[in-house]
Each structure stands twice: as structure tokens, then as C-alpha cells.
file start-v6.tsv (TSV, C-alpha atoms and all ligand atoms)
chain	number	residue	atom	x	y	z
N	1	MET	CA	22.56	27.47	-39.79
N	2	ASP	CA	21.27	24.51	-41.77
N	3	VAL	CA	19.53	21.22	-41.08
N	4	ASN	CA	22.68	19.08	-41.17
N	5	THR	CA	24.38	21.27	-38.59
N	6	CYS	CA	21.28	21.03	-36.40
N	7	ILE	CA	21.36	17.23	-36.58
N	8	GLN	CA	25.08	17.29	-35.76
N	9	LYS	CA	24.32	19.43	-32.72
N	10	LEU	CA	21.78	16.83	-31.55
N	11	GLN	CA	24.58	14.31	-31.80
N	12	TYR	CA	26.96	16.52	-29.80
N	13	VAL	CA	24.40	17.05	-27.04
N	14	GLY	CA	24.05	13.24	-26.91
N	15	ILE	CA	21.27	12.82	-24.36
N	16	LEU	CA	18.06	13.94	-26.02
N	17	THR	CA	14.59	14.54	-24.67
N	18	PHE	CA	12.00	12.48	-26.55
N	19	ALA	CA	8.32	13.38	-26.26
N	20	THR	CA	5.45	11.14	-27.34
N	21	VAL	CA	1.67	11.12	-26.87
N	22	ASP	CA	0.03	8.37	-24.82
N	23	ALA	CA	-3.32	6.67	-25.41
N	24	GLU	CA	-5.11	9.32	-23.30
N	25	GLY	CA	-3.55	12.15	-25.31
N	26	ASN	CA	-1.19	13.11	-22.48
N	27	PRO	CA	2.38	14.22	-23.23
N	28	GLN	CA	5.09	11.80	-22.11
N	29	VAL	CA	8.73	12.78	-22.07
N	30	ARG	CA	12.01	10.99	-21.28
N	31	ASN	CA	15.73	11.15	-22.02
N	32	ILE	CA	17.22	8.86	-24.67
N	33	SER	CA	20.86	8.42	-25.61
N	34	ALA	CA	20.79	5.05	-27.43
N	35	VAL	CA	20.79	6.80	-30.77
N	36	HIS	CA	22.63	6.23	-34.04
N	37	TYR	CA	22.83	8.94	-36.70
N	38	ALA	CA	22.94	7.78	-40.31
N	39	ALA	CA	22.57	9.60	-43.60
N	40	ASP	CA	19.14	8.04	-44.17
N	41	GLY	CA	17.74	8.66	-40.70
N	42	ILE	CA	18.06	8.62	-36.93
N	43	TYR	CA	17.91	5.15	-35.34
N	44	PHE	CA	17.22	4.51	-31.66
N	45	TYR	CA	16.80	1.60	-29.27
N	46	THR	CA	14.26	1.02	-26.52
N	47	ALA	CA	12.82	-1.99	-24.70
N	48	ARG	CA	9.53	-3.50	-25.85
N	49	GLY	CA	8.07	-3.37	-22.33
N	50	LYS	CA	8.43	0.38	-21.98
N	51	ASN	CA	5.50	2.74	-22.46
N	52	PHE	CA	7.79	4.67	-24.82
N	53	CYS	CA	7.76	1.67	-27.17
N	54	LYS	CA	4.01	1.24	-26.76
N	55	GLU	CA	3.38	4.88	-27.65
N	56	LEU	CA	5.68	4.74	-30.67
N	57	LEU	CA	3.93	1.62	-31.98
N	58	ALA	CA	0.46	3.07	-31.40
N	59	ASP	CA	1.00	6.64	-32.55
N	60	GLY	CA	4.56	7.19	-33.71
N	61	ARG	CA	4.62	10.96	-33.38
N	62	VAL	CA	7.73	12.14	-31.60
N	63	GLN	CA	9.49	15.38	-30.79
N	64	ILE	CA	13.16	15.39	-29.93
N	65	LEU	CA	14.55	18.35	-28.01
N	66	ALA	CA	18.09	19.38	-27.19
N	67	LEU	CA	19.61	22.51	-25.66
N	68	THR	CA	23.27	23.32	-26.29
N	69	LYS	CA	25.46	25.16	-23.82
N	70	TYR	CA	25.26	28.15	-26.16
N	71	LYS	CA	21.48	28.38	-25.52
N	72	GLU	CA	20.54	26.92	-28.88
N	73	MET	CA	17.31	24.93	-28.83
N	74	ILE	CA	16.95	22.27	-31.54
N	75	ARG	CA	13.64	20.49	-31.95
N	76	LEU	CA	12.97	17.69	-34.41
N	77	SER	CA	9.31	16.83	-35.08
N	78	ALA	CA	8.76	13.52	-36.82
N	79	VAL	CA	7.06	10.15	-36.94
N	80	ALA	CA	9.12	7.14	-35.82
N	81	HIS	CA	8.79	3.81	-37.64
N	82	LEU	CA	9.76	0.33	-36.64
N	83	VAL	CA	12.85	-0.89	-38.46
N	84	PRO	CA	12.24	-4.13	-40.48
N	85	ASP	CA	13.10	-7.39	-38.69
N	86	SER	CA	15.91	-8.05	-41.17
N	87	GLU	CA	17.69	-4.84	-40.04
N	88	GLN	CA	17.03	-4.98	-36.29
N	89	GLU	CA	20.20	-6.85	-35.31
N	90	HIS	CA	22.37	-4.71	-37.57
N	91	TYR	CA	21.30	-1.49	-35.87
N	92	LYS	CA	21.47	-3.04	-32.39
N	93	ASP	CA	25.10	-3.96	-33.11
N	94	ILE	CA	25.86	-0.39	-34.18
N	95	ILE	CA	24.08	1.29	-31.25
N	96	PHE	CA	25.61	-1.04	-28.65
N	97	ALA	CA	29.08	-0.46	-30.16
N	98	GLU	CA	28.60	3.31	-30.11
N	99	GLN	CA	27.08	3.37	-26.60
N	100	PRO	CA	29.07	0.90	-24.46
N	101	TYR	CA	27.03	1.66	-21.31
N	102	LEU	CA	24.13	-0.22	-22.93
N	103	THR	CA	25.96	-3.51	-22.37
N	104	ASN	CA	25.79	-2.75	-18.65
N	105	VAL	CA	22.05	-2.12	-18.88
N	106	TYR	CA	21.29	-5.06	-21.20
N	107	PRO	CA	24.13	-7.60	-20.77
N	108	ASP	CA	24.58	-10.73	-22.87
N	109	ASP	CA	21.52	-11.71	-24.86
N	110	SER	CA	19.10	-9.56	-22.81
N	111	ARG	CA	19.43	-6.88	-25.47
N	112	GLU	CA	16.94	-8.93	-27.50
N	113	ILE	CA	14.19	-7.27	-25.41
N	114	GLY	CA	15.05	-4.07	-27.25
N	115	ILE	CA	13.66	-2.84	-30.50
N	116	ILE	CA	14.94	-0.33	-33.06
N	117	PHE	CA	12.91	2.56	-34.41
N	118	CYS	CA	13.92	5.02	-37.10
N	119	ILE	CA	13.05	8.58	-37.96
N	120	LYS	CA	13.43	9.02	-41.69
N	121	ASP	CA	12.20	12.58	-42.15
N	122	GLY	CA	10.59	15.47	-40.33
N	123	SER	CA	11.15	19.13	-39.59
N	124	VAL	CA	13.75	20.86	-37.45
N	125	GLU	CA	13.31	24.12	-35.55
N	126	TYR	CA	16.47	25.98	-34.55
N	127	PHE	CA	16.09	28.69	-31.89
N	128	ASN	CA	19.19	30.52	-30.66
N	129	LEU	CA	18.70	32.61	-27.52
N	130	GLY	CA	22.45	33.17	-27.13
N	131	VAL	CA	22.73	35.91	-29.76
N	132	ARG	CA	21.13	39.32	-30.09
N	133	PRO	CA	18.79	39.58	-31.80
N	134	ILE	CA	17.75	36.02	-31.19
N	135	PHE	CA	17.67	33.81	-34.28
N	136	ARG	CA	15.20	31.15	-35.34
N	137	GLU	CA	14.71	29.12	-38.50
N	138	THR	CA	12.82	25.97	-39.53
N	139	TYR	CA	14.17	23.35	-41.91
N	140	SER	CA	12.96	20.21	-43.63
N	141	TYR	CA	14.81	17.08	-42.50
N	142	ASN	CA	15.28	14.60	-45.38
N	143	GLY	CA	12.38	16.13	-47.32
N	144	GLY	CA	9.87	16.13	-44.43
N	145	ALA	CA	6.99	18.61	-44.43
N	146	LEU	CA	7.46	21.94	-42.69
N	147	PRO	CA	5.14	22.72	-39.75
N	148	PRO	CA	2.47	25.45	-39.98
N	149	LYS	CA	3.89	28.95	-39.51
N	150	LYS	CA	4.00	30.36	-35.98
N	151	GLY	CA	4.29	33.86	-34.65
N	152	PHE	CA	2.77	37.15	-35.75
N	153	GLN	CA	2.28	39.21	-38.90
N	154	ILE	CA	1.57	42.91	-39.39
N	155	THR	CA	-1.31	43.47	-41.79
N	156	ASP	CA	-2.20	46.44	-43.99
N	157	ASN	CA	-4.35	47.81	-41.16
N	158	CYS	CA	-1.08	49.21	-39.78
N	159	ILE	CA	-1.21	52.99	-39.21
N	160	ALA	CA	2.58	53.20	-38.73
N	161	CYS	CA	2.35	54.54	-35.18
N	162	GLY	CA	5.56	52.77	-34.10
N	163	THR	CA	4.23	51.40	-30.78
N	164	CYS	CA	5.16	47.82	-31.66
N	165	ALA	CA	8.71	48.64	-32.72
N	166	THR	CA	9.39	50.68	-29.58
N	167	GLY	CA	8.19	47.89	-27.30
N	168	CYS	CA	9.68	44.90	-29.10
N	169	PRO	CA	12.25	43.23	-26.79
N	170	GLN	CA	14.38	42.15	-29.76
N	171	GLN	CA	13.95	45.35	-31.83
N	172	CYS	CA	13.03	43.18	-34.77
N	173	ILE	CA	10.23	45.29	-36.24
N	174	GLU	CA	11.18	47.41	-39.25
N	175	GLU	CA	9.68	50.84	-39.82
N	176	GLY	CA	7.79	51.69	-43.00
N	177	ASP	CA	4.42	52.74	-44.31
N	178	GLN	CA	3.46	49.30	-43.05
N	179	TYR	CA	5.70	48.01	-40.29
N	180	HIS	CA	7.25	44.58	-40.76
N	181	ILE	CA	8.36	41.81	-38.36
N	182	GLN	CA	11.70	40.13	-39.12
N	183	GLU	CA	10.46	36.62	-38.47
N	184	GLU	CA	13.92	35.11	-38.06
N	185	HIS	CA	14.52	37.35	-35.03
N	186	CYS	CA	11.07	37.23	-33.45
N	187	LEU	CA	10.58	35.66	-30.00
N	188	HIS	CA	6.84	35.06	-30.59
N	189	CYS	CA	6.32	36.84	-27.26
N	190	GLY	CA	3.16	38.58	-28.49
N	191	ARG	CA	3.94	42.01	-27.00
N	192	CYS	CA	3.41	43.80	-30.31
N	193	TYR	CA	0.15	41.92	-30.83
N	194	GLU	CA	-1.23	42.90	-27.43
N	195	ASN	CA	-0.27	46.58	-27.69
N	196	CYS	CA	-1.11	47.52	-31.28
N	197	PRO	CA	-3.76	50.30	-31.12
N	198	ALA	CA	-5.08	49.43	-34.58
N	199	GLU	CA	-5.34	45.65	-34.01
N	200	ALA	CA	-3.22	45.38	-37.14
N	201	ILE	CA	-1.20	42.40	-35.96
N	202	ILE	CA	-2.49	38.87	-36.44
N	203	ARG	CA	-1.30	35.57	-35.02
N	204	TYR	CA	-0.50	32.89	-37.61
N	301	LIG	S1	1.61	49.11	-33.31
N	301	LIG	FE1	0.22	48.37	-34.92
N	301	LIG	S2	-0.34	50.20	-36.05
N	301	LIG	FE2	1.45	50.76	-34.81
N	301	LIG	S3	3.19	50.40	-36.22
N	301	LIG	FE3	2.88	48.53	-35.08
N	301	LIG	S4	1.51	47.27	-36.35
N	301	LIG	FE4	1.41	49.36	-37.11
N	302	LIG	S1	6.21	38.92	-30.97
N	302	LIG	FE1	7.63	39.91	-29.54
N	302	LIG	S2	9.66	39.64	-30.45
N	302	LIG	FE2	8.18	39.21	-32.05
N	302	LIG	S3	7.96	41.14	-33.11
N	302	LIG	FE3	6.33	41.08	-31.55
N	302	LIG	S4	7.21	42.11	-29.77
N	302	LIG	FE4	8.92	41.61	-31.16
call {"tool": "encode", "arguments": {"input": "start-v6.tsv", "output": "C-alpha cells", "more": "lines below"}}
Ligand code: SF4
Ligand code: SF4
result
Amino acid sequence: MDVNTCIQKLQYVGILTFATVDAEGNPQVRNISAVHYAADGIYFYTARGKNFCKELLADGRVQILALTKYKEMIRLSAVAHLVPDSEQEHYKDIIFAEQPYLTNVYPDDSREIGIIFCIKDGSVEYFNLGVRPIFRETYSYNGGALPPKKGFQITDNCIACGTCATGCPQQCIEEGDQYHIQEEHCLHCGRCYENCPAEAIIRY
């Protein structure tokens, strides 16, 4: 897997879930399909009256989530920026040409109520629950910063009793003098963490 394939999968899924944060700090989520994928970023259209637009202008943080039919979860974390006025019409033309249903929603010149935002960079998490062991990886999108690590780590307090490996639902803990979690196959379920008799497992 790689970041470009993840972005292509977002495109194949088509209707994406976009989450933002409102002024009270509450999560807000909705589906968006008025999206154009370009080499320099992901462009999308929304109406200026919508709370979605208000939250993007005020905060900008956004997470985009898609689930493929193969049980692959793809999550893009980013900050959305308003596209300059000089480029607004250009991207509206492209998005309305790629998504003909939009002309039904915003016929004639009513599309002027819409506004184009762009995501230029961010990070992408890929999580595939359709294979065994499960597979996860995190990538930079267009040079964006990676998120803080998640999951669990076995420390040198490990007494090599094997309890964690036996109970791991994905069998992704390797034996050794100090046991080791294969992070790319870990569910982050926490079972090893809760059952280690030596409290040798820490949460990132
Ligand atoms: S359960 Fe704890 S002490 Fe036992 S092997 Fe796993 S990490 Fe090491
Ligand atoms: S968190 Fe769950 S999946 Fe990951 S190593 Fe521990 S028991 Fe296994």
C-alpha cells in the first residue's frame, strides 16, 4: 500500500465522510461527494450558508473517512484552506463537470452560493480488516506531518512469559527475550496491555 493508492481508493469510494469541529468543540460529520482530485491537492465544493463551510473557515481541521467493500478504512487528516478568488470559478467548473448531479442541486447561476476549499497536505491512515493478520500503515500526504504514534509497545520490563502472544487476537506478537509487537498488524485492542503480569506494555 502507498499514499497514492489510498487517495485513489477515496476517489473510487466517491462519497466520503467529512468530519469537522464546531465552535463548541463538538464533532460534526456529513457526506460529501463534490470532490475533485488533483496532483496538488483535493478540492471540494460546499455552500457558504452551511455549517460545514462555517466550521472550515473558523477552524479548518478536517478528517475524511472512507470504507471500501474490502473492509479497508482510509482516513485523511488535514487542514482545509479556502481556494483564492481567482481560482474559485475554475474549480467549480471542474467539479460541476465531474459531478453532473450538482447542476440539479444548484441550477443555473445558483452555484455561485458555493465555495471551493482545498486540502494540500496531511496524513493518511490505511487500516485493512479484510486480511489476516490485519494490516495498518500511516503515510504523509504531499509532505504533511505524520500524526503521533498510536497503539502499544513492549518495554524491557518484559519477563518473556508469553501471556500477551497467546491472547493476541491477531497473533502479531513475536517471541524473544523481550517480546515484540508487529505494529503493522496490531489492532490496538489493548488486550496484551491489560493482561501483562509485569506491566511491561505501555500505550503510546
Ligand atoms: S505478557 Fe508482558 S511480560 Fe509476558 S511476554 Fe508479554 S510483554 Fe512480556
Ligand atoms: S493491542 Fe491487541 S492486536 Fe495489538 S498486540 Fe496487543 S493484543 Fe495484539
call {"tool": "residues_around", "arguments": {"input": "start-v6.tsv", "residues": "region 107-124 of chain N", "least_positions_apart": "5", "cutoff": "8 Å", "atoms": "all atoms listed in the file", "output": "tab-separated table (two decimals) with C-alpha atoms, keeping the file's coordinate frame"}}
result
chain	number	residue	atom	x	y	z
N	3	VAL	CA	19.53	21.22	-41.08
N	6	CYS	CA	21.28	21.03	-36.40
N	40	ASP	CA	19.14	8.04	-44.17
N	41	GLY	CA	17.74	8.66	-40.70
N	42	ILE	CA	18.06	8.62	-36.93
N	43	TYR	CA	17.91	5.15	-35.34
N	44	PHE	CA	17.22	4.51	-31.66
N	45	TYR	CA	16.80	1.60	-29.27
N	46	THR	CA	14.26	1.02	-26.52
N	47	ALA	CA	12.82	-1.99	-24.70
N	48	ARG	CA	9.53	-3.50	-25.85
N	49	GLY	CA	8.07	-3.37	-22.33
N	74	ILE	CA	16.95	22.27	-31.54
N	75	ARG	CA	13.64	20.49	-31.95
N	76	LEU	CA	12.97	17.69	-34.41
N	77	SER	CA	9.31	16.83	-35.08
N	78	ALA	CA	8.76	13.52	-36.82
N	79	VAL	CA	7.06	10.15	-36.94
N	80	ALA	CA	9.12	7.14	-35.82
N	81	HIS	CA	8.79	3.81	-37.64
N	82	LEU	CA	9.76	0.33	-36.64
N	83	VAL	CA	12.85	-0.89	-38.46
N	88	GLN	CA	17.03	-4.98	-36.29
N	91	TYR	CA	21.30	-1.49	-35.87
N	92	LYS	CA	21.47	-3.04	-32.39
N	102	LEU	CA	24.13	-0.22	-22.93
N	138	THR	CA	12.82	25.97	-39.53
N	139	TYR	CA	14.17	23.35	-41.91
N	140	SER	CA	12.96	20.21	-43.63
N	141	TYR	CA	14.81	17.08	-42.50
N	142	ASN	CA	15.28	14.60	-45.38
N	143	GLY	CA	12.38	16.13	-47.32
N	144	GLY	CA	9.87	16.13	-44.43
N	145	ALA	CA	6.99	18.61	-44.43
N	146	LEU	CA	7.46	21.94	-42.69
N	147	PRO	CA	5.14	22.72	-39.75
call {"tool": "residues_near_ligand", "arguments": {"input": "start-v6.tsv", "ligand": "ligand LIG 302 (chain N)", "cutoff": "7 Å", "atoms": "all atoms listed in the file", "output": "NGL selection string"}}
result
:N and (151-152 or 164 or 167-173 or 181 or 186-193)
call {"tool": "residues_near_ligand", "arguments": {"input": "start-v6.tsv", "ligand": "ligand LIG 301 (chain N)", "cutoff": "6 Å", "atoms": "only C-alpha atoms and all ligand atoms", "output": "ChimeraX atom specification"}}
result
/N:154,158-164,179,196-198,200-201
call {"tool": "write_last_selection", "arguments": {"input": "start-v6.tsv", "atoms": "C-alpha atoms", "output": "PDB file, in the coordinates of the input"}}
result
ATOM      1  CA  ILE N 154       1.570  42.910 -39.390  1.00  0.00           C
ATOM      2  CA  CYS N 158      -1.080  49.210 -39.780  1.00  0.00           C
ATOM      3  CA  ILE N 159      -1.210  52.990 -39.210  1.00  0.00           C
ATOM      4  CA  ALA N 160       2.580  53.200 -38.730  1.00  0.00           C
ATOM      5  CA  CYS N 161       2.350  54.540 -35.180  1.00  0.00           C
ATOM      6  CA  GLY N 162       5.560  52.770 -34.100  1.00  0.00           C
ATOM      7  CA  THR N 163       4.230  51.400 -30.780  1.00  0.00           C
ATOM      8  CA  CYS N 164       5.160  47.820 -31.660  1.00  0.00           C
ATOM      9  CA  TYR N 179       5.700  48.010 -40.290  1.00  0.00           C
ATOM     10  CA  CYS N 196      -1.110  47.520 -31.280  1.00  0.00           C
ATOM     11  CA  PRO N 197      -3.760  50.300 -31.120  1.00  0.00           C
ATOM     12  CA  ALA N 198      -5.080  49.430 -34.580  1.00  0.00           C
ATOM     13  CA  ALA N 200      -3.220  45.380 -37.140  1.00  0.00           C
ATOM     14  CA  ILE N 201      -1.200  42.400 -35.960  1.00  0.00           C
TER      15      ILE N 201
END
call {"tool": "residues_near_point", "arguments": {"input": "start-v6.tsv", "point": "(2.0, 10.3, -32.4)", "cutoff": "12 Å", "atoms": "only C-alpha atoms", "output": "list in words"}}
result
Phe18, Ala19, Thr20, Val21, Asp22, Ala23, Glu24, Gly25, Asn26, Pro27, Gln28, Phe52, Cys53, Lys54, Glu55, Leu56, Leu57, Ala58, Asp59, Gly60, Arg61, Val62, Gln63, Ser77, Ala78, Val79, Ala80 and His81 of chain N
call {"tool": "atom_distance", "arguments": {"input": "start-v6.tsv", "atom1": "CA of Val35 (chain N)", "atom2": "CA of Asn104 (chain N)"}}
result
16.2 Å
call {"tool": "atom_distance", "arguments": {"input": "start-v6.tsv", "atom1": "CA of His36 (chain N)", "atom2": "CA of Lys69 (chain N)"}}
result
21.7 Å
call {"tool": "residues_around", "arguments": {"input": "start-v6.tsv", "residues": "Val131 (chain N)", "least_positions_apart": "4", "cutoff": "9 Å", "atoms": "all atoms listed in the file", "output": "mmCIF file with C-alpha atoms, in the frame of the given file"}}
result
data_model
loop_
_atom_site.group_PDB
_atom_site.id
_atom_site.type_symbol
_atom_site.label_atom_id
_atom_site.label_comp_id
_atom_site.auth_asym_id
_atom_site.auth_seq_id
_atom_site.Cartn_x
_atom_site.Cartn_y
_atom_site.Cartn_z
ATOM 1 C CA TYR N 70 25.260 28.150 -26.160
ATOM 2 C CA LYS N 71 21.480 28.380 -25.520
ATOM 3 C CA PHE N 135 17.670 33.810 -34.280
#
call {"tool": "atom_distance", "arguments": {"input": "start-v6.tsv", "atom1": "CA of Gln182 (chain N)", "atom2": "CA of Ile134 (chain N)"}}
result
10.8 Å
